[in-house]
Amino acid sequence: MVCGDGETLPCVLRGPVDGMPLLILPAFFEEMNRTRRLLARTTARLAEAGVRSWMPDMPGTGDHAEGFEAMDLPRWRAALAALARVAAQGHALHLLAVRGGALLADSIPAASLYRLAPPSSGTALLRDLWRTRAASDIEAGGAETPANLEARSVGGETIEAAGYAIAPTLAAALRAAMLPALALPCRTAATAPGPGVDIVLPGPPPWRQAEPIDEQPLADALAADLLVWMRVPNLNA
Amino acid sequence: MATVHADVSVVKTRVETLNVGEAVRGVLADVLALRPATARGLAPATALFGSLPELDSMAVASVLTEMEDRLGIVIDDDEVDGEMFATFGSLVAFARAKVGHA
């Protein structure tokens with residue numbers, strides 16, 4: 001459990017206490033659950049190589065004391081910035097942003113940022129939520145459309161989607177969230193070539209899978225690439 | 001291991017010359033967790049929606065989102081109909097038109 005700025009975040013810590021610190025910015029919604037095992041395997045590999053990783057349960061997720069209504073992007077940003085100061089402890093702190101976590105990287109003091117499959121914007125994540133909800137409606141015989149869900153959300157309704165109650169404030173924050181232009185060194189990985197991708201890692205992408213898959217090849221490749229990235233001497237000087 | 005300082009211009013060139021058909025094949029293979037032989041066997045006339053058991057409405061939503069990510073496009077859900085997912089060829093044709101207009 002880690003405190004900072006009045007916020008308490010349950011955290012999984014792996015690796016030696018004095019190791020190179022790495023803070024994980026988790027994915028959002030179901031994508032966070034689907035990437036947990038990948039991150040557990042990746043950080044286990046990193047720990048063997050001397051990396052101290054911090055994987056927080058953000059407000060409203062996992063073992064955090066509050067329910068999902070605590071998911072609030074400004075609060076998440078502040079919590080991550082506070083945690084970054086705790087995790088750095090005088091070392092150069094590196095960030096690993098998973099999917100939507102990359103949207104929150106702009107306010108966190110760090111030496112470098114590694115992004116795993118960042119979405120193009122918060123709007124893309126919101127569109128996926130509405131699509132998922134519309135698809136489940138269709139399977140239940142309904143006829144809700146993503147466009148109609150978006151209109152209802154903009155009109156101030158809380159929309160239930162993919163098991164989450166998306167409040168209008170959260171939806172608005174997602175709509176406004178863009179991938180920040182960053183002053184710090186940044187590397188982008190994905191499981192397929194795409195716009196802005198620096199390295200392609202072995203898929204399939206676990207955040208798209210309804211059923212568990214074997215993430216070990218992806219975890220191994222991600223850990224290996226992260227280690228090279230974090231050890232670039234001018235970053236750690 | 002790839003070099004740390006990936007040459008961004010090289011990467012971009014690769015994306016621009018990306019084969020849309022192969023990208024769509026990759027999306028279906030990854031999202032639907034298709035067996036490699038099934039993924040390789042997707043031909044323009046291969047029937048998708050209603051024929052591939054893995055492709056239900058929920059999977060269609062994930063396929064659309066993953067296509068947006070990989071091809072750098074935005075798909076308006078009004079454009080999505082049964083015809084688009086009728087065959088592998090029709091899905092690739094839709095993606096190709098989208099990439100052309102991007």
# chains A, B, ... in the order shown; residues from 1 in each chain; ligands from 1

$ residues_around --residues "Trp207 (chain A)" --least-positions-apart "4" --cutoff "12 Å" --atoms "only C-alpha atoms" --output "MDAnalysis selection string"
(chainID A and resid 26:39 98:100 116:119 190:191 203 211:213 215) or (chainID B and resid 30:31 62 65:66)

$ interface_residues --of "chain A" --to "chain B" --cutoff "10 Å" --atoms "only C-alpha atoms" --output "mmCIF file with N, CA and C atoms, in the first residue's frame"
data_model
loop_
_atom_site.group_PDB
_atom_site.id
_atom_site.type_symbol
_atom_site.label_atom_id
_atom_site.label_comp_id
_atom_site.auth_asym_id
_atom_site.auth_seq_id
_atom_site.Cartn_x
_atom_site.Cartn_y
_atom_site.Cartn_z
ATOM 1 N N ALA A 117 0.921 -0.495 -27.191
ATOM 2 C CA ALA A 117 -0.322 -0.382 -27.970
ATOM 3 C C ALA A 117 -1.228 0.752 -27.502
ATOM 4 N N PRO A 118 -0.719 1.992 -27.500
ATOM 5 C CA PRO A 118 -1.581 3.099 -27.072
ATOM 6 C C PRO A 118 -2.742 3.297 -28.050
ATOM 7 N N PRO A 119 -3.930 3.647 -27.537
ATOM 8 C CA PRO A 119 -5.035 3.966 -28.439
ATOM 9 C C PRO A 119 -4.750 5.326 -29.075
ATOM 10 N N SER A 120 -5.395 5.630 -30.209
ATOM 11 C CA SER A 120 -5.129 6.906 -30.871
ATOM 12 C C SER A 120 -5.633 8.066 -30.023
ATOM 13 N N ALA A 124 -11.334 6.840 -28.991
ATOM 14 C CA ALA A 124 -11.279 5.483 -29.550
ATOM 15 C C ALA A 124 -11.703 4.457 -28.495
ATOM 16 N N LEU A 125 -11.292 4.679 -27.236
ATOM 17 C CA LEU A 125 -11.679 3.751 -26.167
ATOM 18 C C LEU A 125 -13.182 3.845 -25.896
ATOM 19 N N ARG A 127 -15.486 4.788 -28.042
ATOM 20 C CA ARG A 127 -16.193 4.188 -29.183
ATOM 21 C C ARG A 127 -16.241 2.659 -29.023
ATOM 22 N N ASP A 128 -15.149 2.084 -28.528
ATOM 23 C CA ASP A 128 -15.108 0.636 -28.319
ATOM 24 C C ASP A 128 -16.113 0.215 -27.236
ATOM 25 N N LEU A 129 -16.242 1.030 -26.179
ATOM 26 C CA LEU A 129 -17.221 0.730 -25.125
ATOM 27 C C LEU A 129 -18.638 0.736 -25.678
ATOM 28 N N TRP A 130 -18.961 1.772 -26.456
ATOM 29 C CA TRP A 130 -20.333 1.867 -27.013
ATOM 30 C C TRP A 130 -20.601 0.710 -27.978
ATOM 31 N N ARG A 131 -19.582 0.359 -28.757
ATOM 32 C CA ARG A 131 -19.723 -0.765 -29.695
ATOM 33 C C ARG A 131 -20.003 -2.068 -28.952
ATOM 34 N N THR A 132 -19.246 -2.270 -27.854
ATOM 35 C CA THR A 132 -19.418 -3.498 -27.071
ATOM 36 C C THR A 132 -20.820 -3.552 -26.489
ATOM 37 N N ARG A 133 -21.288 -2.403 -25.967
ATOM 38 C CA ARG A 133 -22.633 -2.344 -25.404
ATOM 39 C C ARG A 133 -23.684 -2.600 -26.487
ATOM 40 N N ALA A 134 -23.523 -1.960 -27.652
ATOM 41 C CA ALA A 134 -24.490 -2.131 -28.735
ATOM 42 C C ALA A 134 -24.517 -3.590 -29.196
ATOM 43 N N ALA A 135 -23.328 -4.220 -29.239
ATOM 44 C CA ALA A 135 -23.263 -5.620 -29.676
ATOM 45 C C ALA A 135 -23.988 -6.527 -28.690
ATOM 46 N N SER A 136 -23.845 -6.257 -27.381
ATOM 47 C CA SER A 136 -24.515 -7.115 -26.406
ATOM 48 C C SER A 136 -26.026 -6.873 -26.461
ATOM 49 N N ASP A 137 -26.449 -5.635 -26.776
ATOM 50 C CA ASP A 137 -27.879 -5.348 -26.944
ATOM 51 C C ASP A 137 -28.444 -6.131 -28.119
ATOM 52 N N ILE A 138 -27.681 -6.145 -29.219
ATOM 53 C CA ILE A 138 -28.153 -6.835 -30.426
ATOM 54 C C ILE A 138 -28.300 -8.322 -30.136
ATOM 55 N N GLU A 139 -27.325 -8.886 -29.383
ATOM 56 C CA GLU A 139 -27.404 -10.313 -29.068
ATOM 57 C C GLU A 139 -28.591 -10.599 -28.158
ATOM 58 N N THR A 145 -27.705 1.590 -30.844
ATOM 59 C CA THR A 145 -26.563 1.841 -31.726
ATOM 60 C C THR A 145 -25.490 2.629 -30.982
ATOM 61 N N PRO A 146 -24.234 2.501 -31.400
ATOM 62 C CA PRO A 146 -23.173 3.281 -30.771
ATOM 63 C C PRO A 146 -23.448 4.779 -30.837
ATOM 64 N N ALA A 147 -23.984 5.243 -31.973
ATOM 65 C CA ALA A 147 -24.250 6.681 -32.117
ATOM 66 C C ALA A 147 -25.295 7.152 -31.102
ATOM 67 N N ARG A 187 9.065 5.320 -26.510
ATOM 68 C CA ARG A 187 9.116 4.203 -27.457
ATOM 69 C C ARG A 187 7.738 3.544 -27.480
ATOM 70 N N ALA A 190 3.740 -2.487 -30.291
ATOM 71 C CA ALA A 190 2.403 -3.038 -30.539
ATOM 72 C C ALA A 190 2.568 -4.456 -31.049
ATOM 73 N N THR A 191 1.465 -5.162 -31.222
ATOM 74 C CA THR A 191 1.563 -6.549 -31.689
ATOM 75 C C THR A 191 1.363 -6.641 -33.198
ATOM 76 N N ALA A 192 1.236 -5.493 -33.850
ATOM 77 C CA ALA A 192 1.145 -5.454 -35.310
ATOM 78 C C ALA A 192 1.669 -4.104 -35.754
ATOM 79 N N PRO A 193 2.159 -4.001 -37.005
ATOM 80 C CA PRO A 193 2.605 -2.690 -37.476
ATOM 81 C C PRO A 193 1.422 -1.725 -37.506
ATOM 82 N N GLY A 194 1.691 -0.465 -37.302
ATOM 83 C CA GLY A 194 0.627 0.533 -37.338
ATOM 84 C C GLY A 194 1.243 1.901 -37.245
ATOM 85 N N PRO A 195 0.404 2.943 -37.287
ATOM 86 C CA PRO A 195 0.929 4.305 -37.230
ATOM 87 C C PRO A 195 1.728 4.540 -35.951
ATOM 88 N N GLY A 196 2.960 5.012 -36.082
ATOM 89 C CA GLY A 196 3.765 5.382 -34.919
ATOM 90 C C GLY A 196 4.372 4.224 -34.157
ATOM 91 N N VAL A 197 4.268 3.005 -34.654
ATOM 92 C CA VAL A 197 4.787 1.840 -33.929
ATOM 93 C C VAL A 197 6.282 1.683 -34.202
ATOM 94 N N ASP A 198 7.103 1.629 -33.120
ATOM 95 C CA ASP A 198 8.552 1.486 -33.257
ATOM 96 C C ASP A 198 8.986 0.027 -33.323
ATOM 97 N N ILE A 199 8.267 -0.850 -32.609
ATOM 98 C CA ILE A 199 8.644 -2.274 -32.618
ATOM 99 C C ILE A 199 7.385 -3.131 -32.547
ATOM 100 N N VAL A 200 7.395 -4.209 -33.327
ATOM 101 C CA VAL A 200 6.274 -5.147 -33.322
ATOM 102 C C VAL A 200 6.650 -6.349 -32.460
ATOM 103 N N GLY A 203 2.118 -11.318 -31.067
ATOM 104 C CA GLY A 203 0.738 -11.307 -30.585
ATOM 105 C C GLY A 203 0.310 -12.705 -30.218
ATOM 106 N N PRO A 204 -0.987 -12.966 -30.126
ATOM 107 C CA PRO A 204 -2.069 -12.000 -30.265
ATOM 108 C C PRO A 204 -2.165 -11.065 -29.060
ATOM 109 N N PRO A 205 -2.811 -9.903 -29.241
ATOM 110 C CA PRO A 205 -2.912 -8.946 -28.139
ATOM 111 C C PRO A 205 -3.906 -9.405 -27.069
ATOM 112 N N PRO A 206 -3.452 -9.629 -25.821
ATOM 113 C CA PRO A 206 -4.355 -10.147 -24.791
ATOM 114 C C PRO A 206 -5.523 -9.212 -24.468
ATOM 115 N N TRP A 207 -5.362 -7.887 -24.715
ATOM 116 C CA TRP A 207 -6.444 -6.953 -24.382
ATOM 117 C C TRP A 207 -7.628 -7.093 -25.336
ATOM 118 N N ARG A 208 -7.502 -7.873 -26.402
ATOM 119 C CA ARG A 208 -8.620 -8.102 -27.318
ATOM 120 C C ARG A 208 -9.243 -9.479 -27.147
ATOM 121 N N GLN A 209 -8.718 -10.274 -26.231
ATOM 122 C CA GLN A 209 -9.162 -11.660 -26.130
ATOM 123 C C GLN A 209 -10.173 -11.833 -25.013
ATOM 124 N N ALA A 210 -11.326 -12.404 -25.357
ATOM 125 C CA ALA A 210 -12.317 -12.730 -24.336
ATOM 126 C C ALA A 210 -11.870 -13.945 -23.525
ATOM 127 N N GLU A 211 -11.124 -14.847 -24.174
ATOM 128 C CA GLU A 211 -10.632 -16.052 -23.496
ATOM 129 C C GLU A 211 -9.135 -15.895 -23.241
ATOM 130 N N ILE A 213 -5.217 -16.402 -23.220
ATOM 131 C CA ILE A 213 -4.285 -16.975 -24.187
ATOM 132 C C ILE A 213 -2.936 -17.137 -23.497
ATOM 133 N N ALA A 221 9.188 -10.998 -24.849
ATOM 134 C CA ALA A 221 9.664 -10.006 -25.819
ATOM 135 C C ALA A 221 9.540 -8.590 -25.262
ATOM 136 N N ALA A 224 12.283 -8.064 -22.653
ATOM 137 C CA ALA A 224 13.599 -7.927 -23.273
ATOM 138 C C ALA A 224 13.758 -6.545 -23.902
ATOM 139 N N ASP A 225 12.730 -6.079 -24.602
ATOM 140 C CA ASP A 225 12.826 -4.773 -25.257
ATOM 141 C C ASP A 225 12.856 -3.638 -24.233
ATOM 142 N N LEU A 226 12.066 -3.787 -23.172
ATOM 143 C CA LEU A 226 12.056 -2.780 -22.107
ATOM 144 C C LEU A 226 13.438 -2.651 -21.453
ATOM 145 N N VAL A 228 16.405 -3.249 -22.712
ATOM 146 C CA VAL A 228 17.330 -2.522 -23.586
ATOM 147 C C VAL A 228 17.005 -1.035 -23.535
ATOM 148 N N TRP A 229 15.721 -0.725 -23.631
ATOM 149 C CA TRP A 229 15.266 0.669 -23.613
ATOM 150 C C TRP A 229 15.656 1.384 -22.317
ATOM 151 N N MET A 230 15.465 0.728 -21.173
ATOM 152 C CA MET A 230 15.731 1.379 -19.885
ATOM 153 C C MET A 230 17.225 1.552 -19.623
ATOM 154 N N ARG A 231 18.040 0.766 -20.319
ATOM 155 C CA ARG A 231 19.474 0.818 -20.037
ATOM 156 C C ARG A 231 20.240 1.741 -20.961
ATOM 157 N N VAL A 232 19.539 2.439 -21.848
ATOM 158 C CA VAL A 232 20.249 3.403 -22.695
ATOM 159 C C VAL A 232 20.970 4.360 -21.753
#

$ closest_residue --among "A:Leu222, A:Ala143, A:Ala151, A:Leu179" --to "Arg45 (chain A)" --atoms "only C-alpha atoms"
A:Leu222

$ atom_distance --atom1 "CA of Ala79 (chain A)" --atom2 "CA of Leu25 (chain A)"
10.7 Å

$ residues_around --residues "Ala43 (chain B)" --least-positions-apart "2" --cutoff "12 Å" --atoms "only C-alpha atoms" --output "ChimeraX atom specification"
/B:21-22,24-25,37-41,45-48,87-92

$ closest_residue --among "B:Glu54, B:Pro44, B:Lys98, B:Phe49" --to "Ala86 (chain B)" --atoms "only C-alpha atoms"
B:Phe49

$ atom_distance --atom1 "CA of Phe85 (chain B)" --atom2 "CA of Gly50 (chain B)"
9.2 Å

$ select_by_dssp --residues "region 1-87 of chain A" --states "strand (DSSP E or B)" --output "list of chain:residue names"
A:Val2, A:Cys3, A:Gly4, A:Glu7, A:Thr8, A:Leu9, A:Cys11, A:Val12, A:Leu13, A:Arg14, A:Met20, A:Pro21, A:Leu22, A:Leu23, A:Ile24, A:Leu25, A:Val51, A:Arg52, A:Ser53, A:Trp54, A:Met55, A:Pro56

$ closest_residue --among "A:Ala102, A:Gly90, A:Gly19, A:Ala82" --to "Ser121 (chain A)" --atoms "only C-alpha atoms"
A:Ala102

$ atom_distance --atom1 "CA of Asp63 (chain A)" --atom2 "CA of Glu7 (chain A)"
13.7 Å

$ residues_around --residues "Gln216 (chain A)" --least-positions-apart "3" --cutoff "7 Å" --atoms "only C-alpha atoms" --output "VMD selection string"
chain A and resid 41 219 to 220

$ select_by_dssp --residues "chain B" --states "alpha helix (DSSP H)" --output "number ranges by chain"
B: 8-16, 20-31, 36-40, 57-71, 88-101

$ write_last_selection --atoms "C-alpha atoms" --output "JSON list (two decimals), in the first residue's frame"
[["chain", "number", "residue", "atom", "x", "y", "z"],
["B", 8, "VAL", "CA", 11.04, 6.13, -37.45],
["B", 9, "SER", "CA", 11.07, 6.99, -41.15],
["B", 10, "VAL", "CA", 11.71, 3.34, -42.00],
["B", 11, "VAL", "CA", 8.86, 2.23, -39.76],
["B", 12, "LYS", "CA", 6.50, 4.76, -41.35],
["B", 13, "THR", "CA", 7.40, 3.58, -44.82],
["B", 14, "ARG", "CA", 6.54, 0.06, -43.80],
["B", 15, "VAL", "CA", 3.17, 1.18, -42.51],
["B", 16, "GLU", "CA", 2.38, 3.10, -45.67],
["B", 20, "VAL", "CA", -4.28, -4.07, -46.22],
["B", 21, "GLY", "CA", -5.39, -7.63, -46.95],
["B", 22, "GLU", "CA", -2.68, -9.07, -44.71],
["B", 23, "ALA", "CA", -3.48, -6.54, -42.00],
["B", 24, "VAL", "CA", -7.15, -7.56, -42.01],
["B", 25, "ARG", "CA", -6.14, -11.23, -41.97],
["B", 26, "GLY", "CA", -3.95, -10.47, -38.94],
["B", 27, "VAL", "CA", -6.80, -8.68, -37.17],
["B", 28, "LEU", "CA", -9.19, -11.62, -37.68],
["B", 29, "ALA", "CA", -6.53, -14.14, -36.64],
["B", 30, "ASP", "CA", -5.65, -12.23, -33.46],
["B", 31, "VAL", "CA", -9.10, -11.09, -32.33],
["B", 36, "PRO", "CA", -3.05, -20.57, -38.17],
["B", 37, "ALA", "CA", -4.37, -22.84, -40.94],
["B", 38, "THR", "CA", -7.79, -21.16, -40.79],
["B", 39, "ALA", "CA", -6.22, -17.70, -40.92],
["B", 40, "ARG", "CA", -3.98, -18.64, -43.85],
["B", 57, "SER", "CA", -21.66, -9.49, -32.74],
["B", 58, "MET", "CA", -19.30, -8.94, -29.83],
["B", 59, "ALA", "CA", -16.31, -10.09, -31.87],
["B", 60, "VAL", "CA", -17.39, -7.80, -34.73],
["B", 61, "ALA", "CA", -17.06, -4.87, -32.31],
["B", 62, "SER", "CA", -13.51, -5.93, -31.40],
["B", 63, "VAL", "CA", -12.57, -6.48, -35.05],
["B", 64, "LEU", "CA", -13.71, -2.95, -35.93],
["B", 65, "THR", "CA", -11.73, -1.41, -33.07],
["B", 66, "GLU", "CA", -8.60, -3.40, -33.88],
["B", 67, "MET", "CA", -8.86, -2.46, -37.57],
["B", 68, "GLU", "CA", -9.02, 1.20, -36.52],
["B", 69, "ASP", "CA", -5.88, 0.78, -34.38],
["B", 70, "ARG", "CA", -3.82, -1.06, -36.96],
["B", 71, "LEU", "CA", -4.83, 0.82, -40.08],
["B", 88, "PHE", "CA", -13.14, -11.84, -46.30],
["B", 89, "GLY", "CA", -12.98, -10.06, -49.68],
["B", 90, "SER", "CA", -15.76, -7.61, -48.79],
["B", 91, "LEU", "CA", -14.10, -6.77, -45.45],
["B", 92, "VAL", "CA", -10.74, -6.16, -47.13],
["B", 93, "ALA", "CA", -12.42, -4.00, -49.81],
["B", 94, "PHE", "CA", -14.04, -1.88, -47.08],
["B", 95, "ALA", "CA", -10.70, -1.49, -45.26],
["B", 96, "ARG", "CA", -8.87, -0.64, -48.48],
["B", 97, "ALA", "CA", -11.42, 2.10, -49.33],
["B", 98, "LYS", "CA", -11.07, 3.49, -45.81],
["B", 99, "VAL", "CA", -7.28, 3.56, -45.94],
["B", 100, "GLY", "CA", -7.46, 5.27, -49.32],
["B", 101, "HIS", "CA", -9.61, 8.03, -47.86]]
